[in-house]
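See below for protein.txt, which holds compact mmCIF, C-alpha atoms.
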# COMPACT_ATOMS: atom_id res chain seq x y z
CA VAL A 1 -43.57 71.69 52.83
CA ALA A 2 -41.34 71.08 55.83
CA SER A 3 -41.88 67.31 55.64
CA ALA A 4 -41.16 67.33 51.90
CA LEU A 5 -37.91 69.19 52.48
CA LYS A 6 -36.89 66.52 54.97
CA VAL A 7 -37.32 63.79 52.32
CA VAL A 8 -35.21 65.62 49.70
CA PRO A 9 -31.77 64.85 51.30
CA ASP A 10 -32.64 61.12 51.58
CA TYR A 11 -33.81 61.06 47.94
CA VAL A 12 -30.69 62.88 46.73
CA HIS A 13 -28.53 60.53 48.79
CA SER A 14 -30.24 57.43 47.26
CA LEU A 15 -29.65 58.85 43.77
CA ILE A 16 -25.97 59.39 44.52
CA VAL A 17 -25.61 55.86 45.94
CA LYS A 18 -27.46 54.35 42.99
CA GLN A 19 -25.30 56.27 40.52
CA SER A 20 -22.09 55.25 42.30
CA LEU A 21 -23.16 51.61 42.34
CA GLU A 22 -23.97 51.70 38.63
CA GLN A 23 -20.58 53.21 37.88
CA HIS A 24 -18.78 50.58 39.95
CA SER A 25 -17.66 47.55 37.92
CA MET A 26 -19.20 45.18 40.49
CA GLY A 27 -22.52 47.03 40.52
CA VAL A 28 -24.70 46.33 43.57
CA PHE A 29 -22.27 43.60 44.65
CA SER A 30 -19.71 46.26 45.56
CA CYS A 31 -21.63 47.20 48.73
CA LEU A 32 -21.71 43.61 50.01
CA PRO A 33 -19.16 42.16 52.43
CA LEU A 34 -16.99 39.35 51.07
CA GLU A 35 -18.73 36.79 53.32
CA ILE A 36 -22.18 37.70 51.96
CA LEU A 37 -20.86 37.72 48.39
CA GLN A 38 -19.38 34.24 48.75
CA PHE A 39 -22.59 33.05 50.40
CA ILE A 40 -24.49 34.18 47.27
CA PHE A 41 -22.01 32.25 45.12
CA THR A 42 -22.99 29.00 46.85
CA PHE A 43 -26.39 29.15 45.12
CA LEU A 44 -24.91 29.36 41.61
CA ASP A 45 -23.95 26.46 39.32
CA ARG A 46 -20.70 26.27 37.34
CA ASN A 47 -22.15 27.94 34.25
CA SER A 48 -23.65 30.85 36.23
CA LEU A 49 -20.39 31.40 38.12
CA GLY A 50 -18.50 31.54 34.81
CA ILE A 51 -20.91 34.04 33.27
CA LEU A 52 -20.79 36.18 36.42
CA GLY A 53 -16.99 36.16 36.23
CA LEU A 54 -17.17 37.52 32.68
CA SER A 55 -19.14 40.60 33.75
CA SER A 56 -16.14 42.48 35.23
CA SER A 57 -12.53 41.93 36.27
CA GLU A 58 -13.37 42.58 39.96
CA LEU A 59 -16.19 40.03 39.96
CA CYS A 60 -13.95 37.59 38.09
CA THR A 61 -11.34 37.95 40.83
CA ALA A 62 -14.00 37.48 43.52
CA VAL A 63 -15.43 34.34 41.86
CA ARG A 64 -11.95 32.93 41.22
CA SER A 65 -10.97 33.47 44.87
CA TYR A 66 -14.18 31.73 45.95
CA VAL A 67 -13.62 28.75 43.63
CA TYR A 68 -10.21 28.10 45.19
CA THR A 69 -11.69 27.90 48.72
CA ASN A 70 -12.70 24.55 50.21
CA THR A 71 -16.37 25.44 49.88
CA GLY A 72 -15.92 26.58 46.29
CA LEU A 73 -13.96 23.48 45.29
CA LYS A 74 -16.60 21.23 46.81
CA GLN A 75 -19.20 23.08 44.78
CA VAL A 76 -17.50 23.15 41.35
CA LEU A 77 -15.56 19.86 41.28
CA PRO A 78 -17.42 17.02 39.53
CA ARG A 79 -19.14 14.46 41.71
CA ALA A 80 -17.57 11.00 41.68
CA PRO A 81 -19.83 7.93 41.32
CA ASN A 82 -20.67 5.94 44.44
CA SER A 83 -20.92 2.55 42.71
CA SER A 84 -20.02 0.85 39.44
CA SER A 85 -23.70 0.87 38.42
CA GLU A 86 -23.88 4.67 38.60
CA GLN A 87 -23.23 6.41 35.28
CA VAL A 88 -20.59 9.14 35.19
CA ASP A 89 -21.80 12.50 33.88
CA THR A 90 -18.92 13.69 31.68
CA SER A 91 -20.62 17.05 31.11
CA GLN A 92 -19.57 18.04 34.66
CA PHE A 93 -15.94 18.03 33.54
CA ARG A 94 -16.70 20.09 30.43
CA GLU A 95 -18.57 22.63 32.60
CA LEU A 96 -15.60 22.81 34.96
CA GLY A 97 -13.27 23.43 32.00
CA CYS A 98 -15.52 26.23 30.70
CA LEU A 99 -15.65 27.80 34.18
CA LEU A 100 -11.86 27.79 34.51
CA LYS A 101 -11.46 29.23 31.01
CA ARG A 102 -13.80 32.13 31.83
CA LEU A 103 -12.17 32.86 35.17
CA THR A 104 -8.63 32.89 33.74
CA LEU A 105 -9.44 34.53 30.40
CA LEU A 106 -7.62 37.80 31.20
CA GLN A 107 -4.63 36.16 32.89
CA LYS A 108 -1.29 35.46 31.31
CA LEU A 109 -0.23 31.93 30.38
CA HIS A 110 1.71 31.12 33.54
CA PRO A 111 -1.22 31.75 35.95
CA ARG A 112 -3.51 29.77 33.64
CA LEU A 113 -1.16 26.79 33.70
CA LYS A 114 -0.77 27.15 37.45
CA ALA A 115 -4.57 27.11 37.85
CA ALA A 116 -4.79 24.01 35.64
CA SER A 117 -2.10 22.25 37.67
CA TYR A 118 -3.90 23.09 40.93
CA ILE A 119 -7.29 21.83 39.70
CA LEU A 120 -5.76 18.65 38.28
CA LYS A 121 -4.23 17.94 41.68
CA GLN A 122 -7.64 18.38 43.31
CA LEU A 123 -9.15 16.01 40.72
CA GLU A 124 -6.75 13.13 41.43
CA PRO A 125 -9.04 11.36 43.97
CA ILE A 126 -12.02 11.73 41.62
CA HIS A 127 -9.99 10.40 38.68
CA THR A 128 -8.96 7.37 40.75
CA THR A 129 -12.55 6.69 41.81
CA VAL A 130 -13.88 7.00 38.26
CA SER A 131 -11.12 4.68 36.97
CA GLU A 132 -11.92 2.03 39.58
CA LEU A 133 -15.71 2.13 39.24
CA ALA A 134 -16.33 3.11 35.60
CA GLY A 135 -13.07 2.16 33.89
CA THR A 136 -9.98 3.92 32.58
CA ALA A 137 -11.64 4.85 29.30
CA VAL A 138 -14.37 6.84 31.07
CA ALA A 139 -11.80 8.56 33.30
CA TYR A 140 -9.72 9.63 30.27
CA THR A 141 -12.87 10.80 28.47
CA CYS A 142 -13.73 13.01 31.44
CA PHE A 143 -10.24 14.48 31.49
CA GLY A 144 -10.38 15.06 27.72
CA GLN A 145 -13.65 16.99 28.11
CA LEU A 146 -12.07 19.20 30.79
CA PHE A 147 -8.83 19.73 28.88
CA PHE A 148 -10.46 20.73 25.59
CA ALA A 149 -13.00 23.03 27.24
CA TYR A 150 -10.22 24.83 29.12
CA THR A 151 -7.82 25.22 26.16
CA SER A 152 -10.38 25.78 23.38
CA SER A 153 -9.45 29.42 22.70
CA TRP A 154 -5.68 29.08 23.25
CA ASN A 155 -3.15 29.60 20.49
CA ASP A 156 -0.71 26.90 19.33
CA TYR A 157 2.09 28.00 21.66
CA GLU A 158 -0.22 27.99 24.68
CA LYS A 159 -1.63 24.59 23.75
CA THR A 160 1.91 23.25 23.42
CA ARG A 161 2.67 24.43 26.95
CA ALA A 162 -0.57 22.83 28.16
CA TYR A 163 0.44 19.56 26.47
CA CYS A 164 3.83 19.70 28.21
CA LEU A 165 2.03 20.19 31.54
CA VAL A 166 -0.16 17.13 30.98
CA GLN A 167 2.87 15.21 29.75
CA ALA A 168 4.71 15.96 32.99
CA ILE A 169 1.76 15.25 35.31
CA ALA A 170 0.77 11.98 33.60
CA ARG A 171 4.41 10.90 32.94
CA LEU A 172 3.45 10.43 29.29
CA GLU A 173 6.96 10.32 27.88
CA GLU A 174 8.02 7.62 30.33
CA ARG A 175 4.96 5.49 29.63
CA VAL A 176 5.25 5.80 25.86
CA ASP A 177 9.00 5.10 25.93
CA LYS A 178 8.40 1.90 27.89
CA VAL A 179 5.91 0.65 25.29
CA LEU A 180 7.96 1.63 22.23
CA ARG A 181 11.14 -0.01 23.50
CA SER A 182 9.35 -3.31 24.12
CA ALA A 183 8.33 -5.84 21.49
CA PRO A 184 4.87 -5.27 19.97
CA ALA A 185 2.10 -7.00 21.97
CA SER A 186 4.50 -7.81 24.83
CA LEU A 187 2.90 -5.18 27.09
CA LEU A 188 -0.72 -5.37 26.02
CA TRP A 189 -2.22 -3.50 28.97
CA HIS A 190 0.38 -0.75 28.82
CA GLU A 191 -0.26 -0.40 25.08
CA LYS A 192 -3.99 -0.17 25.69
CA ASP A 193 -3.49 2.46 28.38
CA VAL A 194 -1.26 4.62 26.14
CA ARG A 195 -3.74 4.23 23.26
CA LEU A 196 -6.77 5.20 25.36
CA LEU A 197 -5.05 8.17 26.99
CA HIS A 198 -3.87 9.78 23.76
CA ARG A 199 -7.06 9.04 21.85
CA LEU A 200 -9.59 10.11 24.49
CA VAL A 201 -7.68 13.12 25.82
CA PHE A 202 -6.18 14.60 22.64
CA LEU A 203 -7.36 13.00 19.38
CA CYS A 204 -11.02 12.03 19.68
CA PRO A 205 -12.19 15.39 21.15
CA SER A 206 -10.61 17.23 18.20
CA LYS A 207 -13.38 18.86 16.16
CA THR A 208 -11.39 19.70 13.01
CA ASP A 209 -8.66 18.05 10.95
CA GLN A 210 -6.37 20.98 11.76
CA GLU A 211 -6.84 20.43 15.49
CA TYR A 212 -6.36 16.67 15.07
CA SER A 213 -3.16 17.28 13.11
CA PHE A 214 -1.83 19.65 15.78
CA TRP A 215 -2.20 17.14 18.63
CA LEU A 216 -1.05 14.15 16.58
CA THR A 217 2.07 16.08 15.55
CA LYS A 218 2.82 16.95 19.18
CA ILE A 219 2.51 13.27 20.08
CA LEU A 220 4.65 11.90 17.22
CA LYS A 221 7.32 14.50 16.46
CA PRO A 222 9.60 14.01 19.51
CA TRP A 223 10.29 10.39 18.49
CA PRO A 224 12.52 8.98 15.71
CA ILE A 225 10.81 7.87 12.50
CA THR A 226 10.67 4.18 13.51
CA PHE A 227 8.91 5.01 16.77
CA GLN A 228 6.68 7.54 15.01
CA ALA A 229 5.35 4.80 12.73
CA ARG A 230 4.83 2.36 15.58
CA LEU A 231 3.17 4.95 17.82
CA LEU A 232 0.88 6.07 14.99
CA TYR A 233 -0.15 2.45 14.44
CA LEU A 234 -0.68 1.97 18.18
CA LEU A 235 -3.01 4.98 18.30
CA THR A 236 -5.04 4.45 15.12
CA ALA A 237 -4.79 0.79 14.09
CA PRO A 238 -7.69 -1.67 14.19
CA GLU A 239 -8.32 -3.28 17.58
CA ASP A 240 -9.79 -6.62 18.61
CA SER A 241 -12.90 -7.18 20.72
CA SER A 242 -10.88 -6.69 23.92
CA GLY A 243 -9.54 -3.31 22.84
CA PHE A 244 -5.99 -4.55 22.13
CA VAL A 245 -4.15 -3.49 18.97
CA THR A 246 -4.06 -6.07 16.17
CA TRP A 247 -0.34 -6.47 15.58
CA THR A 248 0.02 -9.89 13.96
CA GLN A 249 -3.15 -9.85 11.86
CA VAL A 250 -1.65 -7.35 9.40
CA CYS A 251 1.09 -9.84 8.55
CA GLY A 252 -1.44 -12.38 7.25
CA CYS A 253 -3.69 -12.06 4.19
CA HIS A 254 -7.36 -12.47 4.98
CA SER A 255 -8.16 -13.82 1.51
CA LEU A 256 -5.46 -16.51 1.75
CA GLN A 257 -6.65 -17.39 5.25
CA HIS A 258 -10.21 -17.45 3.87
CA THR A 259 -11.55 -15.02 6.45
CA SER A 260 -14.57 -13.00 5.39
CA GLU A 261 -13.61 -9.64 6.87
CA ALA A 262 -10.69 -7.42 5.93
CA LEU A 263 -9.02 -5.22 8.53
CA ASP A 264 -10.36 -1.68 8.80
CA PHE A 265 -7.57 0.80 8.07
CA SER A 266 -9.85 3.83 7.68
CA GLU A 267 -8.73 5.58 10.87
CA LEU A 268 -5.04 4.94 10.24
CA ALA A 269 -5.43 6.20 6.67
CA ARG A 270 -7.30 9.29 7.89
CA ALA A 271 -4.42 10.13 10.24
CA LEU A 272 -1.92 9.77 7.38
CA ARG A 273 -4.03 11.96 5.08
CA ILE A 274 -4.31 14.67 7.73
CA LEU A 275 -0.55 14.66 8.34
CA TYR A 276 0.04 14.73 4.58
CA MET A 277 -2.24 17.77 4.23
CA ASP A 278 -0.24 19.50 6.98
CA ARG A 279 2.89 19.66 4.84
CA PRO A 280 5.17 21.53 4.50
CA ARG A 281 4.64 23.12 7.93
CA ASP A 282 5.50 20.09 10.08
CA TRP A 283 5.69 17.15 7.66
CA THR A 284 7.05 16.49 4.18
CA GLU A 285 5.96 13.94 1.59
CA ASP A 286 9.15 11.98 2.30
CA ASP A 287 8.22 11.88 6.00
CA ILE A 288 4.83 10.33 5.23
CA ILE A 289 6.33 7.80 2.80
CA SER A 290 8.98 6.84 5.36
CA ILE A 291 6.31 6.37 8.04
CA ILE A 292 4.29 4.11 5.71
CA ASP A 293 7.41 2.10 4.86
CA GLU A 294 8.08 1.64 8.58
CA LEU A 295 4.41 0.90 9.29
CA THR A 296 4.20 -1.87 6.74
CA THR A 297 7.16 -3.69 8.28
CA THR A 298 5.84 -3.54 11.86
CA PRO A 299 6.01 -5.96 13.63
CA ASN A 300 7.02 -7.89 10.49
CA SER A 301 6.41 -7.34 6.79
CA TRP A 302 2.70 -6.84 6.13
CA CYS A 303 0.81 -8.99 3.70
CA VAL A 304 0.71 -7.01 0.45
CA GLU A 305 -3.07 -7.30 0.49
CA ASN A 306 -3.17 -5.19 3.67
CA VAL A 307 -0.72 -2.69 2.18
CA ALA A 308 -3.08 -2.29 -0.79
CA GLN A 309 -6.08 -1.84 1.53
CA LEU A 310 -4.24 0.89 3.42
CA LEU A 311 -3.25 2.71 0.21
CA LEU A 312 -6.82 2.58 -1.09
CA HIS A 313 -8.02 4.30 2.09
CA CYS A 314 -5.18 6.85 1.92
CA GLY A 315 -6.25 8.20 -1.47
CA SER A 316 -4.49 9.28 -4.64
CA ASP A 317 -1.76 11.61 -3.37
CA ILE A 318 -0.27 9.25 -0.80
CA THR A 319 -0.69 6.18 -3.05
CA LYS A 320 1.11 7.93 -5.91
CA GLY A 321 3.90 9.00 -3.56
CA VAL A 322 4.44 5.49 -2.14
CA LEU A 323 4.17 3.59 -5.44
CA GLY A 324 6.01 6.29 -7.40
CA CYS A 325 8.97 5.91 -5.05
CA ARG A 326 9.02 2.17 -5.75
CA ALA A 327 8.72 2.77 -9.49
CA ILE A 328 11.69 5.16 -9.53
CA ASN A 329 13.74 2.51 -7.71
CA GLY A 330 12.73 -0.14 -10.27
CA ARG A 331 10.88 -2.45 -7.86
CA VAL A 332 8.65 -3.83 -10.63
CA GLU A 333 7.83 -7.25 -9.13
CA GLU A 334 6.71 -5.67 -5.87
CA LEU A 335 4.61 -3.13 -7.77
CA ALA A 336 2.91 -5.93 -9.74
CA VAL A 337 1.80 -7.71 -6.55
CA ILE A 338 0.60 -4.45 -4.94
CA ALA A 339 -1.29 -3.58 -8.14
CA TYR A 340 -2.97 -7.00 -8.11
CA TYR A 341 -4.29 -6.54 -4.58
CA LEU A 342 -5.12 -2.88 -5.18
CA ALA A 343 -7.28 -3.87 -8.16
CA HIS A 344 -8.99 -6.48 -5.98
CA ALA A 345 -9.72 -3.91 -3.28
CA CYS A 346 -11.10 -1.46 -5.87
CA VAL A 347 -13.48 -4.01 -7.40
CA ILE A 348 -14.77 -4.97 -3.95
CA ALA A 349 -15.21 -1.26 -3.07
CA ASP A 350 -17.25 -0.73 -6.27
CA LYS A 351 -19.64 -3.49 -5.18
CA GLN A 352 -20.57 -1.67 -1.97
CA PRO A 353 -24.22 -0.49 -1.94
CA HIS A 354 -23.31 3.10 -1.00
CA ASN A 355 -21.10 3.48 -4.07
CA GLU A 356 -22.92 5.84 -6.46
CA VAL A 357 -20.51 6.09 -9.43
CA LYS A 358 -20.17 2.95 -11.54
CA ASN A 359 -16.64 1.48 -11.51
CA GLU A 360 -15.35 4.55 -9.67
CA HIS A 361 -12.60 2.70 -7.81
CA VAL A 362 -11.56 0.60 -10.81
CA GLN A 363 -11.13 3.79 -12.86
CA TRP A 364 -9.12 5.21 -9.98
CA PHE A 365 -6.92 2.09 -10.07
CA LEU A 366 -6.31 2.57 -13.78
CA SER A 367 -5.24 6.19 -13.17
CA ILE A 368 -2.80 4.97 -10.51
CA LEU A 369 -1.48 2.31 -12.90
CA CYS A 370 -0.94 4.94 -15.62
CA PHE A 371 0.92 7.11 -13.12
CA ILE A 372 3.20 4.21 -12.15
CA LEU A 373 3.94 3.45 -15.80
CA ASP A 374 4.90 7.09 -16.36
CA MET A 375 7.22 6.97 -13.36
CA LEU A 376 9.10 3.88 -14.60
CA PRO A 377 12.30 5.12 -16.23
CA GLN A 378 12.56 2.52 -19.04
CA SER A 379 10.04 1.22 -21.56
CA ASN A 380 11.02 -2.41 -20.92
CA ASP A 381 10.20 -1.81 -17.22
CA ARG A 382 6.71 -0.70 -18.24
CA GLU A 383 6.19 -3.83 -20.34
CA HIS A 384 7.61 -5.93 -17.52
CA LEU A 385 5.18 -4.42 -15.01
CA LEU A 386 2.12 -5.15 -17.16
CA SER A 387 3.21 -8.70 -17.92
CA SER A 388 4.08 -9.30 -14.25
CA LEU A 389 0.65 -8.04 -13.21
CA MET A 390 -1.11 -10.48 -15.55
CA GLU A 391 1.20 -13.31 -14.52
CA THR A 392 0.40 -12.62 -10.88
CA TRP A 393 -3.30 -12.91 -11.70
CA GLN A 394 -2.68 -16.15 -13.56
CA ASP A 395 -0.60 -17.63 -10.74
CA TYR A 396 -3.23 -16.86 -8.11
CA LEU A 397 -6.05 -18.29 -10.22
CA ILE A 398 -4.11 -21.49 -10.92
CA ALA A 399 -3.11 -21.88 -7.26
CA LEU A 400 -6.71 -21.45 -6.10
CA PHE A 401 -8.03 -23.86 -8.74
CA GLU A 402 -5.46 -26.55 -7.92
CA ASN A 403 -6.16 -26.32 -4.20
CA MET A 404 -9.89 -26.88 -4.66
CA ASP A 405 -10.77 -30.42 -3.58
CA PRO A 406 -14.25 -31.76 -2.75
CA GLU A 407 -12.78 -33.52 0.29
CA ASN A 408 -11.16 -30.33 1.54
CA SER A 409 -13.18 -28.65 4.31
CA GLU A 410 -12.14 -25.25 2.97
CA ASN A 411 -13.24 -26.03 -0.58
CA GLU A 412 -16.21 -23.63 -0.50
CA GLN A 413 -14.02 -20.77 0.72
CA LEU A 414 -11.44 -21.51 -1.97
CA ARG A 415 -14.19 -21.55 -4.59
CA ARG A 416 -15.44 -18.13 -3.46
CA ALA A 417 -11.87 -16.76 -3.54
CA PHE A 418 -11.44 -18.15 -7.08
CA HIS A 419 -14.69 -16.55 -8.24
CA SER A 420 -13.77 -13.24 -6.60
CA THR A 421 -10.38 -13.17 -8.35
CA LEU A 422 -11.95 -14.07 -11.68
CA GLN A 423 -14.66 -11.40 -11.29
CA CYS A 424 -12.01 -8.84 -10.45
CA LEU A 425 -10.08 -9.66 -13.63
CA THR A 426 -13.31 -9.51 -15.64
CA SER A 427 -14.29 -6.13 -14.22
CA LEU A 428 -10.85 -4.69 -14.88
CA SER A 429 -10.78 -6.08 -18.43
CA THR A 430 -14.26 -4.67 -19.14
CA THR A 431 -13.22 -1.22 -17.96
CA LEU A 432 -10.02 -1.36 -20.02
CA LEU A 433 -11.97 -2.36 -23.14
CA ASN A 434 -14.46 0.46 -22.61
CA VAL A 435 -11.61 2.95 -22.31
CA ALA A 436 -9.77 1.55 -25.33
CA LEU A 437 -12.87 1.42 -27.53
CA GLU A 438 -14.54 4.56 -26.24
CA HIS A 439 -14.43 6.27 -29.65
CA ILE A 440 -16.24 3.32 -31.25
CA LEU A 441 -18.79 2.75 -28.46
CA SER A 442 -19.74 6.42 -28.39

How would this structure read if it were set down as C-alpha cells?
Amino acid sequence: VASALKVVPDYVHSLIVKQSLEQHSMGVFSCLPLEILQFIFTFLDRNSLGILGLSSSELCTAVRSYVYTNTGLKQVLPRAPNSSSEQVDTSQFRELGCLLKRLTLLQKLHPRLKAASYILKQLEPIHTTVSELAGTAVAYTCFGQLFFAYTSSWNDYEKTRAYCLVQAIARLEERVDKVLRSAPASLLWHEKDVRLLHRLVFLCPSKTDQEYSFWLTKILKPWPITFQARLLYLLTAPEDSSGFVTWTQVCGCHSLQHTSEALDFSELARALRILYMDRPRDWTEDDIISIIDELTTTPNSWCVENVAQLLLHCGSDITKGVLGCRAINGRVEELAVIAYYLAHACVIADKQPHNEVKNEHVQWFLSILCFILDMLPQSNDREHLLSSLMETWQDYLIALFENMDPENSENEQLRRAFHSTLQCLTSLSTTLLNVALEHILS
C-alpha cells in the first residue's frame, strides 16, 4: 500500500501534464526548446511543413520563423540544375508557393506581399541559373507555378497588388513600353521575352476564363487602345518556328500566295471572346470592336482573308458587332470582300473531319449575311451588297482562270485555288437553294 501511494503523485502529475499539453495549441511541441523544434523541422518536406503550419497559429509562427532562417531557406528553396542536360522540376516551385500560402494564410496583405518580395529576392540566383541552363521559358514557367500557387485563394484586390509587386520587381512596364514604342519586329528578342513572361507567368497557368480575363485585363488596361491591340497581338498571335511573332504574314493572303496553311488565330480569338464576355465590368462592345480595328491594321492593313479567319474564330457576337458597325457606316464594298472570304473559310471548316453537323459553318455564314442585310439602312445598299458579293466571286474566278498557264510553275496551285473557289460557290448556292425551296423539298 505504501509503494502504491508513492506512485499516485507521479501518475496524477503525468495526467496533469498530459492534459495541459493537449490543451496547448502546439500540443507536445510546446514542451520542446526552439532548437529541438527547428531540428525536427529539418526532417520535413515542404508539404509537411505547410500542413504542420496549418495546425495552429503558434506552430505556424514557429514554422514561418524557421523557413526564414538560412537552414530553412536552404531546405525549402527549389534546387537549381547543375547542367543544361538536367531537367528542372517545376513542381518544386509550386510546392514552395503552397507552403508560403499556408504559412501566411492568417496574415494581412502587407505581410504576405513582404514575404513574397523576400522569397523572390532569395530566388534571384536560382532564376538566373535556370535561365542560363534551361532557358528563359522554363524559368518563367517555374515563376508562374510559384506565383499562382501563392495567390490562388486571394481576392481580386489582393491579386492586383501582387501583380503590381511583380510589375515593379521585373520592371514590366518599362520592358513593355520599350517594345510598344518600337516598330513591330524591330526588337524580336525583347518581344519574345515580353510574350513569354506574360504568357507563362499570368495567362497560361489560368485555369478558368474568368481568371484569364482578370490577368489579361490587368496587362492591357493601363495602355491606350492602339497599344492594347498591339500588346494583345504580341501575347496571343501565331508564332513562327523560332518563337517570334508573325507580324508581316497577316498582311499577305495565303491563298493568293498559294501557301497550303492558313494562320492559326484560335488563341487570339479566344482572348477576344473572353474579354467580350467580361463586359460590361471592364470592357464594352465598342472597346472590343476598336481593338479588332486596330489589330487588323497592325503593322499594316491585314489581308481581308485573315480578317475573315479571325472573325470566324471569334464567333457570332463579335462578328456581328464588327460587320454591323461597317454596315451602319455604309461600307458595302468592304463588306462584300469580307463576306467572300468568310464564306470560303466556312466551307473549308465544314470539310474538316471533326465537323459533325452538315454545312454548319455555311449556315452560320448565311445567318451573318442576313444580319448584315438587316443592318444596312437602305434597300439599294442591300441589293448592292449581294451583287458586289457575286461580282467579287466572279472576279476572283476569272483572275485565277486567266493566270493558269501550263508553262507556269505555279499552275497546279492556281488550279487548286480555282477549284476551291468554285466548290465554295457551289456549296453556298446549294445551301441557299435548300433554304429557299425547303417547303417543296420537305

(request) Could you jot down the atom CA of Glu334 of chain A to atom CA of Ser387 of chain A separation for me, Å, one decimal place? (result) 12.9 Å

Taking all atoms of segment 209-221 of chain A that the file lists and extending 5 Å past them on each side, where is the centre of the axis-aligned box and how long are its edges? Answer in Å to one decimal, as lines of an AutoDock Vina configuration file.
center_x = -0.7
center_y = 16.4
center_z = 15.5
size_x = 26.0
size_y = 19.1
size_z = 19.1

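Residues lying within 10 Å of Leu373 of chain A, counting all atoms listed in the file and ignoring same-chain neighbours fewer than 2 positions away, are Gly324, Ala327, Ser367, Ile368, Leu369, Cys370, Phe371, Met375, Leu376, Pro377, Gln378, Ser379, Asp381, Arg382, Glu383, Leu385 and Leu386 of chain A.
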
Hey, could you make a per-residue contact list for segment 137-246 of chain A against segment 86-105 of chain A with 12 Å as the cut-off, showing the nearest pair of atoms and its distance in Å to one decimal, counting only C-alpha atoms, sorted by chain and number, as CSV?
residue,atom,partner,partner_atom,distance
A:Ala137,CA,A:Val88,CA,11.5
A:Val138,CA,A:Val88,CA,7.8
A:Ala139,CA,A:Thr90,CA,8.9
A:Tyr140,CA,A:Thr90,CA,10.2
A:Thr141,CA,A:Thr90,CA,7.4
A:Cys142,CA,A:Thr90,CA,5.2
A:Phe143,CA,A:Phe93,CA,7.0
A:Gly144,CA,A:Arg94,CA,8.5
A:Gln145,CA,A:Arg94,CA,4.9
A:Leu146,CA,A:Gly97,CA,4.6
A:Phe147,CA,A:Gly97,CA,6.6
A:Phe148,CA,A:Gly97,CA,7.5
A:Ala149,CA,A:Gly97,CA,4.8
A:Tyr150,CA,A:Gly97,CA,4.4
A:Thr151,CA,A:Lys101,CA,7.3
A:Ser152,CA,A:Lys101,CA,8.4
A:Ser153,CA,A:Lys101,CA,8.6
A:Trp154,CA,A:Lys101,CA,9.7
A:Pro205,CA,A:Arg94,CA,11.3

Go through segment 282-371 of chain A and flag each residue having an atom no more than 9 Å from segment 247-250 of chain A; for those, report the closest pair of atoms plus their distance in Å to one decimal, using all atoms listed in the file, ordered by chain and rising number, as CSV.
residue,atom,partner,partner_atom,distance
A:Thr296,CA,A:Val250,CA,8.4
A:Thr298,CA,A:Trp247,CA,7.8
A:Pro299,CA,A:Trp247,CA,6.7
A:Asn300,CA,A:Thr248,CA,8.1
A:Ser301,CA,A:Val250,CA,8.5
A:Trp302,CA,A:Val250,CA,5.5
A:Cys303,CA,A:Val250,CA,6.4
A:Asn306,CA,A:Val250,CA,6.3
A:Val307,CA,A:Val250,CA,8.6

(request) Within 8 Å of Leu389 of chain A, counting only C-alpha atoms, which residues show up once you throw out same-chain ones fewer than 4 positions away? Write them as a count of residues only, please. (result) 6

(request) Within 9 Å of segment 163-176 of chain A, counting all atoms listed in the file, which residues show up once you throw out same-chain ones fewer than 3 positions away? Write them as a ChimeraX atom specification, please. (result) /A:113,116-117,120,158-160,179-181,190-191,194,215,218,231

Residues from the last selection, C-alpha atoms, saved as an mmCIF file, in the frame of the given file:
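Done, and the output landed in part38.cif:
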data_model
loop_
_atom_site.group_PDB
_atom_site.id
_atom_site.type_symbol
_atom_site.label_atom_id
_atom_site.label_comp_id
_atom_site.auth_asym_id
_atom_site.auth_seq_id
_atom_site.Cartn_x
_atom_site.Cartn_y
_atom_site.Cartn_z
ATOM 1 C CA LEU A 113 -1.160 26.790 33.700
ATOM 2 C CA ALA A 116 -4.790 24.010 35.640
ATOM 3 C CA SER A 117 -2.100 22.250 37.670
ATOM 4 C CA LEU A 120 -5.760 18.650 38.280
ATOM 5 C CA GLU A 158 -0.220 27.990 24.680
ATOM 6 C CA LYS A 159 -1.630 24.590 23.750
ATOM 7 C CA THR A 160 1.910 23.250 23.420
ATOM 8 C CA VAL A 179 5.910 0.650 25.290
ATOM 9 C CA LEU A 180 7.960 1.630 22.230
ATOM 10 C CA ARG A 181 11.140 -0.010 23.500
ATOM 11 C CA HIS A 190 0.380 -0.750 28.820
ATOM 12 C CA GLU A 191 -0.260 -0.400 25.080
ATOM 13 C CA VAL A 194 -1.260 4.620 26.140
ATOM 14 C CA TRP A 215 -2.200 17.140 18.630
ATOM 15 C CA LYS A 218 2.820 16.950 19.180
ATOM 16 C CA LEU A 231 3.170 4.950 17.820
#

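Note that the spacing between atom CA of Asn70 of chain A and atom CA of Arg161 of chain A amounts to 27.9 Å.
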
(request) Write out as a ChimeraX atom specification each polymer residue whose atoms come within 8 Å of segment 286-293 of chain A, counting all atoms listed in the file; drop sequence neighbours fewer than 6 positions from it. (result) /A:225-226,228-229,272,275-276,318,321-322

(message) Using only C-alpha atoms, which protein or nucleic acid residues come within 12 Å of Ser429 of chain A? Drop anything in the same chain fewer than 4 positions from it, and give the result as number ranges by chain.
(response) A: 343, 347, 359, 362-363, 366, 390, 422-425, 433-437

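Here atom CA of Gly53 of chain A and atom CA of Phe41 of chain A stand 10.9 Å from one another.
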
(message) Just checking: using only C-alpha atoms, which residue out of A:Ile398, A:Leu200, A:Leu312, A:Ile338 ends up closest to Trp364 of chain A?
(response) A:Leu312

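Take the candidates A:Asn380, A:Gln352, A:Ser316, A:Ser56 and check each one against Met26 of chain A using only C-alpha atoms; the shortest distance goes to A:Ser56.
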
(request) Find, counting only C-alpha atoms, the residue in A:Glu211, A:Gly72, A:Leu133, A:Phe265 that gets nearest to Glu239 of chain A. (result) A:Phe265

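In terms of minimum interatomic distance to Asp350 of chain A, A:Leu428 ranks closest within A:Leu400, A:Arg273, A:Leu428, A:Ser84, counting all atoms listed in the file.
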
(message) Between A:Val63, A:Leu268, A:Cys253, A:Ile348, which residue has the minimum interatomic distance to Val304 of chain A, considering only C-alpha atoms?
(response) A:Cys253

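Using all atoms listed in the file, the shortest contact distance between Glu35 of chain A and any of A:Ser65, A:Asp240, A:Ile328, A:Lys358 is found at A:Ser65.
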
(request) Around the point (-3.4, 5.6, 15.4) in the file's coordinates, collect all residues with an atom within 10 Å, using only C-alpha atoms, and return them as number ranges by chain. (result) A: 195, 198-199, 203, 216, 229-238, 245, 265, 267-272
